Amino acid sequence: MTLRLSPPTAAPTAPVRPVTVTVHGRAVTDPYAWLKAENWKDVLKDPSALPAEIRDLLVAENAYAEAALAGTTALRETLVAEMRGRIREDDGSVPDLDGPFAYYTRYREGGQHPLVCRRPADRVAPGLVGDLAGEGEEILIDGDREGEGHAFFSLEDATHSDDHRLVAWSADTKGSELYTIRVRDLATGQDLEDRVLATTGDVVWSGDARAFWYVAVDENHRPATVRLHRLGTPQSDDETVYEESDSGFFVGIGETQSGAYLVVTANDHETSEVHLAERATPFAPLRVVAKREHKLIYSVEHRGDELFVLTNADGAEDFKIAVAPLDDPAKANWRDLIPHRAGVMIRFQHVLARHLVRLELENARPRLIVREAESGVEHTVAFAEEAYSLGLSPGHAFDTDLVRFTYSSMTTPAETYDYHATTRERTLRKRQDVPSGHDPAAYVTRRLFATAPDGEQVPVSLLHRRDTPLDGTAPLLLYGYGSYGSLMSAAFRTNPLSLVDRGFVYAIAHVRGGTEKGWRWYLDGKREKKPNTFSDFVASARALIEARYTGAGRIVAHGGSAGGMLMGAVANLAPELFAGIVADVPFVDVLNTMLDGELPLTPPEWPEWGNPGTDLQAFETILSYSPYDNVAAKTYPAILALGGLTDPRVTYWEPAKWVARLRATMTGGGPVLLRTNMEAGHGGAAGRFDRLEEVALIYAFALAAVGAEAAV
């Protein structure tokens, strides 16, 4: 039997209540503005505060979507079991040595949430990670136990103090990304009375373990203030050590790899500023490294009496590494150590006692460069596959010659190595286990390039079974993002195998707006150049059709958040190419959101998209592509939009308004479905197996959209 989407005849209908605003002399009408609840801030904290009329509509939409997908119920159950079978249920991370202990996370069989654990350093085997549970293990934070009784639970951070006596841990129980920090006494296993509310969840301990720094979230849900909490005192007594006055800047904290300094960062998408404080003297004032300059981006690491500055200063578009004296690190004193090379982007620096390691990217291929501090001699850690993913795992150690990295490709499961920077020996510490089995030889991964309308070459990473016919008949899922400079890696992912094993080609379009081809690739996909992101994706789809990997009307497009905006844009631009579109928490109401400075993310987003309220060009550009504002009387493919009620990033009303306008305007095609998670936010379900239910829904929609056979 062929799978079909079978919605009931009558879809939910949202009443039209137009609201018109005039911007730059232009009238902009929003027919569904009422779906944004006036008390939306309260809803983020308490979902039950949602007005009944809006709740009733979302519930009706969920029922309609479920009815449309009723024919896929058995398939979804099969998909969940299949994807779960590829997960090692008692999986764990490679232990990370820190003094007398090795810290790691693991899961128990059937567990939804991680366990934060440690064991004595001398009780850790040097080779491949085996069974981490057992004698010598201490479970510091039991995510399953802490999550009991909560419809949503997300463990954000668990950071131990330098003396290994305490763990500060944070969790969110609403999906609204408002984290509560608690402190656990590891001698007793009990939490102290301290409760720090409405934070980002990140923690940096003072050196004496008597206090910790955290970032407080303001009334508009923006991380704006760094405070110091002294153990045993109420939150109301916490000292403000940094407060950001610019609503367009977000604040974050971390610490240098050396462990000597707290790092406070304030940044938007094109400017940053860093402040430091010695962790040994937590009540001393912060000091700025280099005062903010428009479009100057930098981050710092520390060794000895120097700071290492990764920056785009002086026209270093793809970044360079400079050194600065610790006692006077102003920009005037920066001296180039690793010069800028156009087209070779330095993504990350890792500073150790005797080595500097950097992660570079050139023409969408990553590599590691290891530099000896004393001699300056460098060497490259090489990899052979055509397309692959590479990541550094800094860990806790500073005085070490070991560099931990993770390697995978679309066919090769993740491998974690400890690399000795001096001897150049690699020690495999963990290979991702796929319990149900995985034969890399049964699959093919390729990298092709699509020609964009302006001649740019857009990388596309591909995965398919070796026996998939490449004659234009195969269905294809094309994933895209293309915003904020985020890189979509060609990493190993087990879930897409459920589509690939059913004859799909799985592809990632590395469109402009990311940094796969350097910082210029990002700049060419933002603000006035944002339309390049959309035309790159369409060009990728056309190139895949031309190369016979698939055919027109056989592609299911998938993207989330800003990638969901991409989905809405290409649905308007080239609906004929797609059998279906999955827009996951989609940022589709771009114009209205960017005009509303009260929303959590709007002011920090203006450097990315432009401010349409003050800039006529930005207004016209956004209006030209905003998916919600460009819905037209045409035939659309089947669309599945997914939202989260407590999502502070892409608010629930964006997909709800978009779906309502699509249904009221389109002349054919569809169906258009909306499913809102009423108990989660931007990331969807937090439990690792609960999340599989959402993935199965997406994949079942994709299979039904292309008319796959139910038996497969």
# chains A, B, ... in the order shown; residues from 1 in each chain; ligands from 1
>>> select_by_dssp(residues="stretch 438-555 of chain A", states="helix (DSSP H, G or I)", output="count of residues only")
31
>>> select_by_dssp(residues="stretch 283-475 of chain A", states="strand (DSSP E or B)", output="short mmCIF file (atom, residue, chain, number, x, y, z; two decimals) with N, CA and C atoms, in the first residue's frame")
data_model
loop_
_atom_site.label_atom_id
_atom_site.label_comp_id
_atom_site.auth_asym_id
_atom_site.auth_seq_id
_atom_site.Cartn_x
_atom_site.Cartn_y
_atom_site.Cartn_z
N ARG A 287 38.17 43.41 34.08
CA ARG A 287 38.91 44.36 33.25
C ARG A 287 38.73 43.96 31.79
N VAL A 288 38.56 44.96 30.96
CA VAL A 288 38.29 44.71 29.55
C VAL A 288 39.59 44.38 28.83
N TYR A 298 36.38 39.16 18.51
CA TYR A 298 37.56 38.49 19.08
C TYR A 298 37.15 37.62 20.26
N SER A 299 37.98 36.62 20.53
CA SER A 299 37.87 35.78 21.72
C SER A 299 39.28 35.53 22.22
N VAL A 300 39.42 35.11 23.47
CA VAL A 300 40.76 35.01 24.04
C VAL A 300 40.98 33.68 24.75
N GLU A 301 42.24 33.29 24.80
CA GLU A 301 42.74 32.21 25.64
C GLU A 301 43.99 32.71 26.35
N HIS A 302 44.47 31.94 27.31
CA HIS A 302 45.55 32.43 28.17
C HIS A 302 46.63 31.37 28.36
N ARG A 303 47.89 31.86 28.37
CA ARG A 303 49.02 31.03 28.77
C ARG A 303 50.11 31.95 29.32
N GLU A 306 50.69 35.88 28.63
CA GLU A 306 50.13 36.30 27.34
C GLU A 306 48.68 35.86 27.20
N LEU A 307 47.96 36.64 26.39
CA LEU A 307 46.65 36.23 25.90
C LEU A 307 46.77 35.90 24.42
N PHE A 308 46.04 34.88 24.00
CA PHE A 308 45.97 34.50 22.59
C PHE A 308 44.61 34.96 22.08
N VAL A 309 44.63 35.78 21.03
CA VAL A 309 43.43 36.46 20.57
C VAL A 309 43.07 35.96 19.17
N LEU A 310 41.94 35.29 19.07
CA LEU A 310 41.40 34.88 17.78
C LEU A 310 40.49 36.01 17.30
N THR A 311 40.82 36.62 16.15
CA THR A 311 40.16 37.87 15.80
C THR A 311 40.10 38.11 14.30
N LYS A 320 42.57 35.52 12.32
CA LYS A 320 43.97 35.28 12.61
C LYS A 320 44.11 35.10 14.11
N ILE A 321 45.30 34.68 14.55
CA ILE A 321 45.58 34.58 15.98
C ILE A 321 46.70 35.54 16.31
N ALA A 322 46.43 36.41 17.27
CA ALA A 322 47.43 37.36 17.75
C ALA A 322 47.74 37.05 19.21
N VAL A 323 48.85 37.57 19.70
CA VAL A 323 49.18 37.48 21.12
C VAL A 323 49.24 38.89 21.69
N ALA A 324 48.90 38.98 22.97
CA ALA A 324 48.88 40.28 23.64
C ALA A 324 49.42 40.10 25.05
N PRO A 325 50.12 41.11 25.59
CA PRO A 325 50.60 41.01 26.97
C PRO A 325 49.43 41.01 27.93
N ARG A 335 49.89 41.41 18.59
CA ARG A 335 50.94 41.07 17.63
C ARG A 335 50.58 39.76 16.95
N ASP A 336 50.60 39.75 15.60
CA ASP A 336 50.18 38.57 14.86
C ASP A 336 51.08 37.37 15.16
N LEU A 337 50.45 36.25 15.44
CA LEU A 337 51.17 34.98 15.59
C LEU A 337 50.85 34.06 14.42
N ILE A 338 49.59 33.88 14.14
CA ILE A 338 49.15 33.12 12.97
C ILE A 338 48.47 34.10 12.03
N VAL A 344 41.08 30.56 4.25
CA VAL A 344 41.40 29.56 5.28
C VAL A 344 40.88 30.11 6.60
N MET A 345 39.74 29.63 7.01
CA MET A 345 39.10 30.18 8.20
C MET A 345 39.56 29.44 9.45
N ILE A 346 40.00 30.19 10.46
CA ILE A 346 40.35 29.62 11.76
C ILE A 346 39.08 29.63 12.60
N ARG A 347 38.54 28.45 12.86
CA ARG A 347 37.27 28.35 13.57
C ARG A 347 37.44 28.32 15.08
N PHE A 348 38.56 27.80 15.57
CA PHE A 348 38.69 27.57 17.01
C PHE A 348 40.16 27.47 17.37
N GLN A 349 40.53 28.01 18.53
CA GLN A 349 41.89 27.84 19.04
C GLN A 349 41.83 27.14 20.39
N HIS A 350 42.79 26.26 20.61
CA HIS A 350 42.87 25.47 21.84
C HIS A 350 44.29 25.64 22.38
N VAL A 351 44.43 26.38 23.47
CA VAL A 351 45.75 26.73 24.00
C VAL A 351 46.08 25.83 25.18
N HIS A 355 51.49 23.75 23.66
CA HIS A 355 51.03 23.69 22.27
C HIS A 355 49.86 24.63 22.04
N LEU A 356 49.74 25.05 20.81
CA LEU A 356 48.57 25.78 20.33
C LEU A 356 47.96 24.94 19.21
N VAL A 357 46.70 24.58 19.37
CA VAL A 357 46.00 23.78 18.37
C VAL A 357 44.89 24.64 17.77
N ARG A 358 44.79 24.61 16.46
CA ARG A 358 43.72 25.37 15.83
C ARG A 358 42.95 24.47 14.86
N LEU A 359 41.66 24.74 14.77
CA LEU A 359 40.79 24.03 13.84
C LEU A 359 40.51 24.97 12.68
N GLU A 360 40.95 24.57 11.49
CA GLU A 360 40.81 25.38 10.29
C GLU A 360 39.80 24.77 9.33
N LEU A 361 39.32 25.61 8.42
CA LEU A 361 38.38 25.16 7.41
C LEU A 361 38.76 25.81 6.09
N GLU A 362 38.91 24.98 5.06
CA GLU A 362 39.22 25.49 3.72
C GLU A 362 38.38 24.74 2.71
N ARG A 365 36.34 21.84 3.98
CA ARG A 365 37.03 20.69 4.57
C ARG A 365 37.81 21.15 5.81
N PRO A 366 37.52 20.54 6.97
CA PRO A 366 38.22 20.93 8.20
C PRO A 366 39.56 20.22 8.36
N ARG A 367 40.45 20.82 9.17
CA ARG A 367 41.72 20.17 9.51
C ARG A 367 42.22 20.73 10.84
N LEU A 368 43.10 19.95 11.48
CA LEU A 368 43.73 20.37 12.73
C LEU A 368 45.18 20.72 12.47
N ILE A 369 45.62 21.84 13.05
CA ILE A 369 47.02 22.25 12.98
C ILE A 369 47.55 22.34 14.41
N VAL A 370 48.66 21.65 14.66
CA VAL A 370 49.28 21.65 15.99
C VAL A 370 50.58 22.43 15.92
N ARG A 371 50.74 23.42 16.81
CA ARG A 371 51.92 24.27 16.82
C ARG A 371 52.64 24.13 18.17
N GLU A 372 53.92 23.83 18.11
CA GLU A 372 54.73 23.75 19.33
C GLU A 372 55.03 25.15 19.82
N GLU A 378 54.99 23.59 13.19
CA GLU A 378 53.61 23.17 13.05
C GLU A 378 53.52 21.88 12.24
N HIS A 379 52.46 21.11 12.51
CA HIS A 379 52.14 19.98 11.65
C HIS A 379 50.63 19.82 11.58
N THR A 380 50.17 19.14 10.53
CA THR A 380 48.75 18.96 10.27
C THR A 380 48.33 17.55 10.61
N VAL A 381 47.18 17.43 11.25
CA VAL A 381 46.58 16.12 11.49
C VAL A 381 45.66 15.85 10.31
N SER A 389 33.46 15.32 9.22
CA SER A 389 33.28 16.28 10.31
C SER A 389 34.42 16.09 11.31
N LEU A 390 34.85 17.21 11.89
CA LEU A 390 35.98 17.19 12.81
C LEU A 390 35.70 18.17 13.94
N GLY A 391 35.89 17.73 15.18
CA GLY A 391 35.65 18.62 16.31
C GLY A 391 36.67 18.42 17.40
N LEU A 392 37.01 19.51 18.10
CA LEU A 392 37.91 19.45 19.24
C LEU A 392 37.11 19.35 20.53
N LEU A 402 48.15 15.96 25.33
CA LEU A 402 47.10 15.24 24.64
C LEU A 402 46.03 16.20 24.13
N VAL A 403 45.64 15.96 22.89
CA VAL A 403 44.57 16.73 22.26
C VAL A 403 43.46 15.75 21.89
N ARG A 404 42.27 15.99 22.38
CA ARG A 404 41.17 15.08 22.09
C ARG A 404 40.33 15.65 20.94
N PHE A 405 40.09 14.81 19.94
CA PHE A 405 39.24 15.24 18.83
C PHE A 405 38.29 14.12 18.44
N THR A 406 37.22 14.50 17.75
CA THR A 406 36.22 13.54 17.28
C THR A 406 36.08 13.66 15.77
N TYR A 407 36.10 12.52 15.11
CA TYR A 407 36.05 12.44 13.66
C TYR A 407 34.87 11.57 13.25
N SER A 408 34.16 11.98 12.20
CA SER A 408 33.15 11.11 11.60
C SER A 408 32.90 11.58 10.19
N GLU A 415 34.36 8.68 15.90
CA GLU A 415 35.53 8.11 16.58
C GLU A 415 36.19 9.21 17.40
N THR A 416 36.44 8.93 18.67
CA THR A 416 37.09 9.89 19.57
C THR A 416 38.53 9.45 19.80
N TYR A 417 39.46 10.36 19.55
CA TYR A 417 40.89 10.06 19.66
C TYR A 417 41.56 10.97 20.68
N ASP A 418 42.56 10.44 21.35
CA ASP A 418 43.53 11.26 22.07
C ASP A 418 44.79 11.30 21.20
N TYR A 419 45.17 12.52 20.82
CA TYR A 419 46.31 12.70 19.93
C TYR A 419 47.45 13.31 20.72
N HIS A 420 48.62 12.65 20.70
CA HIS A 420 49.79 13.16 21.42
C HIS A 420 50.49 14.19 20.54
N ARG A 426 48.06 8.59 17.64
CA ARG A 426 46.62 8.67 17.89
C ARG A 426 46.19 7.44 18.69
N THR A 427 45.44 7.67 19.75
CA THR A 427 44.88 6.58 20.52
C THR A 427 43.36 6.65 20.42
N LEU A 428 42.78 5.61 19.84
CA LEU A 428 41.33 5.57 19.71
C LEU A 428 40.73 5.30 21.09
N ARG A 429 39.92 6.24 21.58
CA ARG A 429 39.31 6.10 22.90
C ARG A 429 37.88 5.59 22.83
N LYS A 430 37.20 5.88 21.73
CA LYS A 430 35.81 5.44 21.62
C LYS A 430 35.41 5.42 20.15
N ARG A 431 34.69 4.39 19.79
CA ARG A 431 34.06 4.34 18.47
C ARG A 431 32.56 4.20 18.70
N TYR A 443 27.14 2.02 2.01
CA TYR A 443 26.71 3.40 1.76
C TYR A 443 27.79 4.16 1.00
N VAL A 444 27.35 5.23 0.36
CA VAL A 444 28.26 6.09 -0.38
C VAL A 444 28.06 7.52 0.10
N THR A 445 29.14 8.23 0.38
CA THR A 445 29.05 9.65 0.67
C THR A 445 29.85 10.40 -0.38
N ARG A 446 29.27 11.49 -0.87
CA ARG A 446 29.91 12.28 -1.91
C ARG A 446 29.76 13.76 -1.60
N ARG A 447 30.57 14.56 -2.26
CA ARG A 447 30.45 16.00 -2.20
C ARG A 447 30.37 16.52 -3.62
N LEU A 448 29.26 17.18 -3.97
CA LEU A 448 29.17 17.82 -5.28
C LEU A 448 28.98 19.31 -5.08
N PHE A 449 29.06 20.06 -6.18
CA PHE A 449 28.93 21.51 -6.12
C PHE A 449 27.84 21.95 -7.09
N ALA A 450 26.93 22.77 -6.56
CA ALA A 450 25.85 23.33 -7.37
C ALA A 450 26.22 24.75 -7.77
N THR A 451 25.88 25.14 -8.96
CA THR A 451 26.17 26.49 -9.44
C THR A 451 24.99 27.41 -9.13
N GLN A 457 29.85 28.43 -6.31
CA GLN A 457 29.77 26.98 -6.22
C GLN A 457 29.34 26.59 -4.81
N VAL A 458 28.18 26.00 -4.69
CA VAL A 458 27.59 25.66 -3.39
C VAL A 458 27.87 24.19 -3.07
N PRO A 459 28.60 23.90 -1.98
CA PRO A 459 28.86 22.50 -1.65
C PRO A 459 27.58 21.78 -1.21
N VAL A 460 27.45 20.54 -1.62
CA VAL A 460 26.35 19.69 -1.21
C VAL A 460 26.93 18.34 -0.80
N SER A 461 26.65 17.92 0.45
CA SER A 461 27.11 16.62 0.93
C SER A 461 25.99 15.60 0.76
N LEU A 462 26.35 14.40 0.32
CA LEU A 462 25.36 13.38 -0.05
C LEU A 462 25.62 12.06 0.66
N LEU A 463 24.53 11.37 0.98
CA LEU A 463 24.61 10.01 1.49
C LEU A 463 23.51 9.19 0.83
N HIS A 464 23.86 8.00 0.33
CA HIS A 464 22.84 7.08 -0.18
C HIS A 464 23.37 5.66 -0.10
N ARG A 465 22.48 4.72 -0.16
CA ARG A 465 22.91 3.33 -0.20
C ARG A 465 23.60 3.06 -1.54
#
>>> closest_residue(among="A:Phe619, A:Val43, A:Ala641, A:Ala125", to="A:Pro671", atoms="only C-alpha atoms")
A:Ala641
>>> closest_atom_pairs(of="stretch 606-696 of chain A", to="stretch 134-147 of chain A", cutoff="12 Å", atoms="only C-alpha atoms", output="CSV")
residue,atom,partner,partner_atom,distance
A:Ala686,CA,A:Gly147,CA,10.1
A:Gly687,CA,A:Asp144,CA,9.3
A:Arg688,CA,A:Asp144,CA,11.1
>>> write_last_selection(atoms="N, CA and C atoms", output="PDB file, in the first residue's frame")
ATOM      1  N   ALA A 686      12.873  16.878  25.299  1.00  0.00           N
ATOM      2  CA  ALA A 686      14.235  16.848  25.835  1.00  0.00           C
ATOM      3  C   ALA A 686      14.765  15.435  26.016  1.00  0.00           C
ATOM      4  N   GLY A 687      13.893  14.487  26.328  1.00  0.00           N
ATOM      5  CA  GLY A 687      14.341  13.113  26.517  1.00  0.00           C
ATOM      6  C   GLY A 687      14.846  12.520  25.225  1.00  0.00           C
ATOM      7  N   ARG A 688      15.924  11.743  25.304  1.00  0.00           N
ATOM      8  CA  ARG A 688      16.553  11.261  24.061  1.00  0.00           C
ATOM      9  C   ARG A 688      15.645  10.310  23.289  1.00  0.00           C
TER      10      ARG A 688
END
>>> atom_distance(atom1="atom CA of A:Ala65", atom2="atom CA of A:Tyr652")
16.1 Å
>>> closest_atom_pairs(of="stretch 616-696 of chain A", to="stretch 558-572 of chain A", cutoff="7 Å", atoms="only C-alpha atoms", output="tab-separated table")
residue	atom	partner	partner_atom	distance
A:Tyr625	CA	A:Ala569	CA	6.3
A:Ser626	CA	A:Ala569	CA	6.9
A:Pro627	CA	A:Gly568	CA	4.9
A:Asn630	CA	A:Asn572	CA	6.9
A:Val631	CA	A:Asn572	CA	6.4
A:Tyr636	CA	A:Ala571	CA	6.8
A:Val650	CA	A:Ser561	CA	6.7
>>> atom_distance(atom1="atom CA of A:Leu470", atom2="atom CA of A:Leu544")
10.3 Å
>>> residues_around(residues="A:Thr550", least_positions_apart="2", cutoff="8 Å", atoms="only C-alpha atoms", output="ChimeraX atom specification")
/A:470-476,505,544-545,547-548,552,554-555
>>> atom_distance(atom1="atom CA of A:Ala373", atom2="atom CA of A:Trp334")
17.5 Å
>>> residues_around(residues="A:Asn611", least_positions_apart="6", cutoff="10 Å", atoms="only C-alpha atoms", output="compact mmCIF listing (two decimals) with all heavy atoms, in the first residue's frame")
# COMPACT_ATOMS: atom_id res chain seq x y z
N ARG A 527 21.81 39.92 5.88
CA ARG A 527 21.26 41.25 5.63
C ARG A 527 20.80 41.41 4.18
O ARG A 527 19.99 40.64 3.69
CB ARG A 527 22.27 42.32 6.07
CG ARG A 527 22.50 42.29 7.58
CD ARG A 527 23.37 43.41 8.06
NE ARG A 527 22.68 44.69 7.95
CZ ARG A 527 22.70 45.64 8.88
NH1 ARG A 527 23.39 45.45 10.00
NH2 ARG A 527 22.07 46.78 8.70
N LEU A 591 9.44 39.85 9.18
CA LEU A 591 9.23 41.30 9.23
C LEU A 591 8.60 41.73 10.55
O LEU A 591 9.10 42.64 11.22
CB LEU A 591 8.35 41.75 8.06
CG LEU A 591 8.12 43.26 7.97
CD1 LEU A 591 9.43 44.01 7.77
CD2 LEU A 591 7.14 43.60 6.85
N MET A 594 11.10 41.30 13.45
CA MET A 594 12.18 42.29 13.47
C MET A 594 11.69 43.71 13.74
O MET A 594 12.48 44.59 14.07
CB MET A 594 12.95 42.24 12.15
CG MET A 594 13.82 41.00 11.97
SD MET A 594 15.14 40.88 13.21
CE MET A 594 14.42 39.70 14.34
N LEU A 595 10.38 43.93 13.63
CA LEU A 595 9.81 45.23 13.97
C LEU A 595 9.45 45.34 15.45
O LEU A 595 9.14 46.42 15.93
CB LEU A 595 8.56 45.50 13.13
CG LEU A 595 8.79 45.87 11.66
CD1 LEU A 595 7.46 45.86 10.90
CD2 LEU A 595 9.48 47.22 11.52
N ASP A 596 9.50 44.20 16.15
CA ASP A 596 9.06 44.16 17.55
C ASP A 596 10.27 44.07 18.48
O ASP A 596 10.76 42.99 18.78
CB ASP A 596 8.13 42.97 17.76
CG ASP A 596 7.46 42.98 19.13
OD1 ASP A 596 7.89 43.78 19.99
OD2 ASP A 596 6.53 42.20 19.34
N GLY A 597 10.74 45.22 18.94
CA GLY A 597 11.94 45.26 19.78
C GLY A 597 11.76 44.69 21.15
O GLY A 597 12.74 44.55 21.91
N THR A 602 14.97 40.00 19.27
CA THR A 602 14.94 40.95 18.16
C THR A 602 16.13 41.91 18.12
O THR A 602 16.84 41.98 17.10
CB THR A 602 13.61 41.72 18.14
OG1 THR A 602 12.56 40.79 17.83
CG2 THR A 602 13.62 42.81 17.08
N PRO A 603 16.42 42.71 19.16
CA PRO A 603 17.57 43.63 19.04
C PRO A 603 18.90 42.93 18.71
O PRO A 603 19.64 43.43 17.85
CB PRO A 603 17.60 44.32 20.40
CG PRO A 603 16.18 44.29 20.86
CD PRO A 603 15.67 42.95 20.40
N GLU A 605 19.27 40.44 16.91
CA GLU A 605 19.18 39.91 15.56
C GLU A 605 19.31 40.98 14.48
O GLU A 605 19.49 40.65 13.31
CB GLU A 605 17.84 39.19 15.37
CG GLU A 605 17.66 37.96 16.23
CD GLU A 605 18.57 36.84 15.80
OE1 GLU A 605 18.25 36.15 14.82
OE2 GLU A 605 19.62 36.67 16.44
N GLN A 617 16.18 50.17 3.48
CA GLN A 617 16.68 49.05 2.66
C GLN A 617 16.43 47.72 3.37
O GLN A 617 16.02 46.74 2.74
CB GLN A 617 18.17 49.21 2.37
CG GLN A 617 18.71 48.07 1.50
CD GLN A 617 20.22 48.16 1.26
OE1 GLN A 617 20.89 49.00 1.84
NE2 GLN A 617 20.73 47.30 0.40
N ALA A 618 16.67 47.68 4.68
CA ALA A 618 16.41 46.46 5.43
C ALA A 618 14.94 46.10 5.37
O ALA A 618 14.57 44.92 5.21
CB ALA A 618 16.88 46.62 6.87
N PHE A 619 14.08 47.09 5.51
CA PHE A 619 12.63 46.86 5.43
C PHE A 619 12.26 46.24 4.09
O PHE A 619 11.53 45.24 4.02
CB PHE A 619 11.89 48.19 5.64
CG PHE A 619 10.41 48.12 5.39
CD1 PHE A 619 9.55 47.65 6.36
CD2 PHE A 619 9.89 48.51 4.16
CE1 PHE A 619 8.18 47.58 6.12
CE2 PHE A 619 8.52 48.45 3.91
CZ PHE A 619 7.67 47.98 4.90
N ILE A 622 13.75 42.56 3.73
CA ILE A 622 13.02 41.57 4.52
C ILE A 622 11.62 41.35 3.97
O ILE A 622 11.14 40.21 3.86
CB ILE A 622 12.98 42.00 6.01
CG1 ILE A 622 14.39 41.95 6.61
CG2 ILE A 622 12.04 41.11 6.81
CD1 ILE A 622 14.49 42.53 8.01
>>> residues_around(residues="stretch 29-38 of chain A", least_positions_apart="5", cutoff="10 Å", atoms="only C-alpha atoms", output="PyMOL selection string")
chain A and resi 14-22+43+49-51+53-55+57-58+589+592+628-629+651-654+656-658+660-661
>>> residues_around(residues="A:Pro120", least_positions_apart="5", cutoff="10 Å", atoms="only C-alpha atoms", output="MDAnalysis selection string")
chainID A and resid 97:103 136:138
>>> residues_around(residues="A:Ile639", least_positions_apart="6", cutoff="6 Å", atoms="only C-alpha atoms", output="list in words")
Gly580, Ile581, Val582 and Val672 of chain A
>>> closest_residue(among="A:Leu231, A:Thr676, A:Pro575, A:Gly518", to="A:Phe319", atoms="only C-alpha atoms")
A:Gly518
>>> closest_residue(among="A:Ala266, A:Leu497, A:Ala414, A:Leu523", to="A:Glu317", atoms="only C-alpha atoms")
A:Leu523
>>> closest_residue(among="A:Asp91, A:Glu709, A:Glu273, A:Glu66", to="A:Val289", atoms="only C-alpha atoms")
A:Glu273
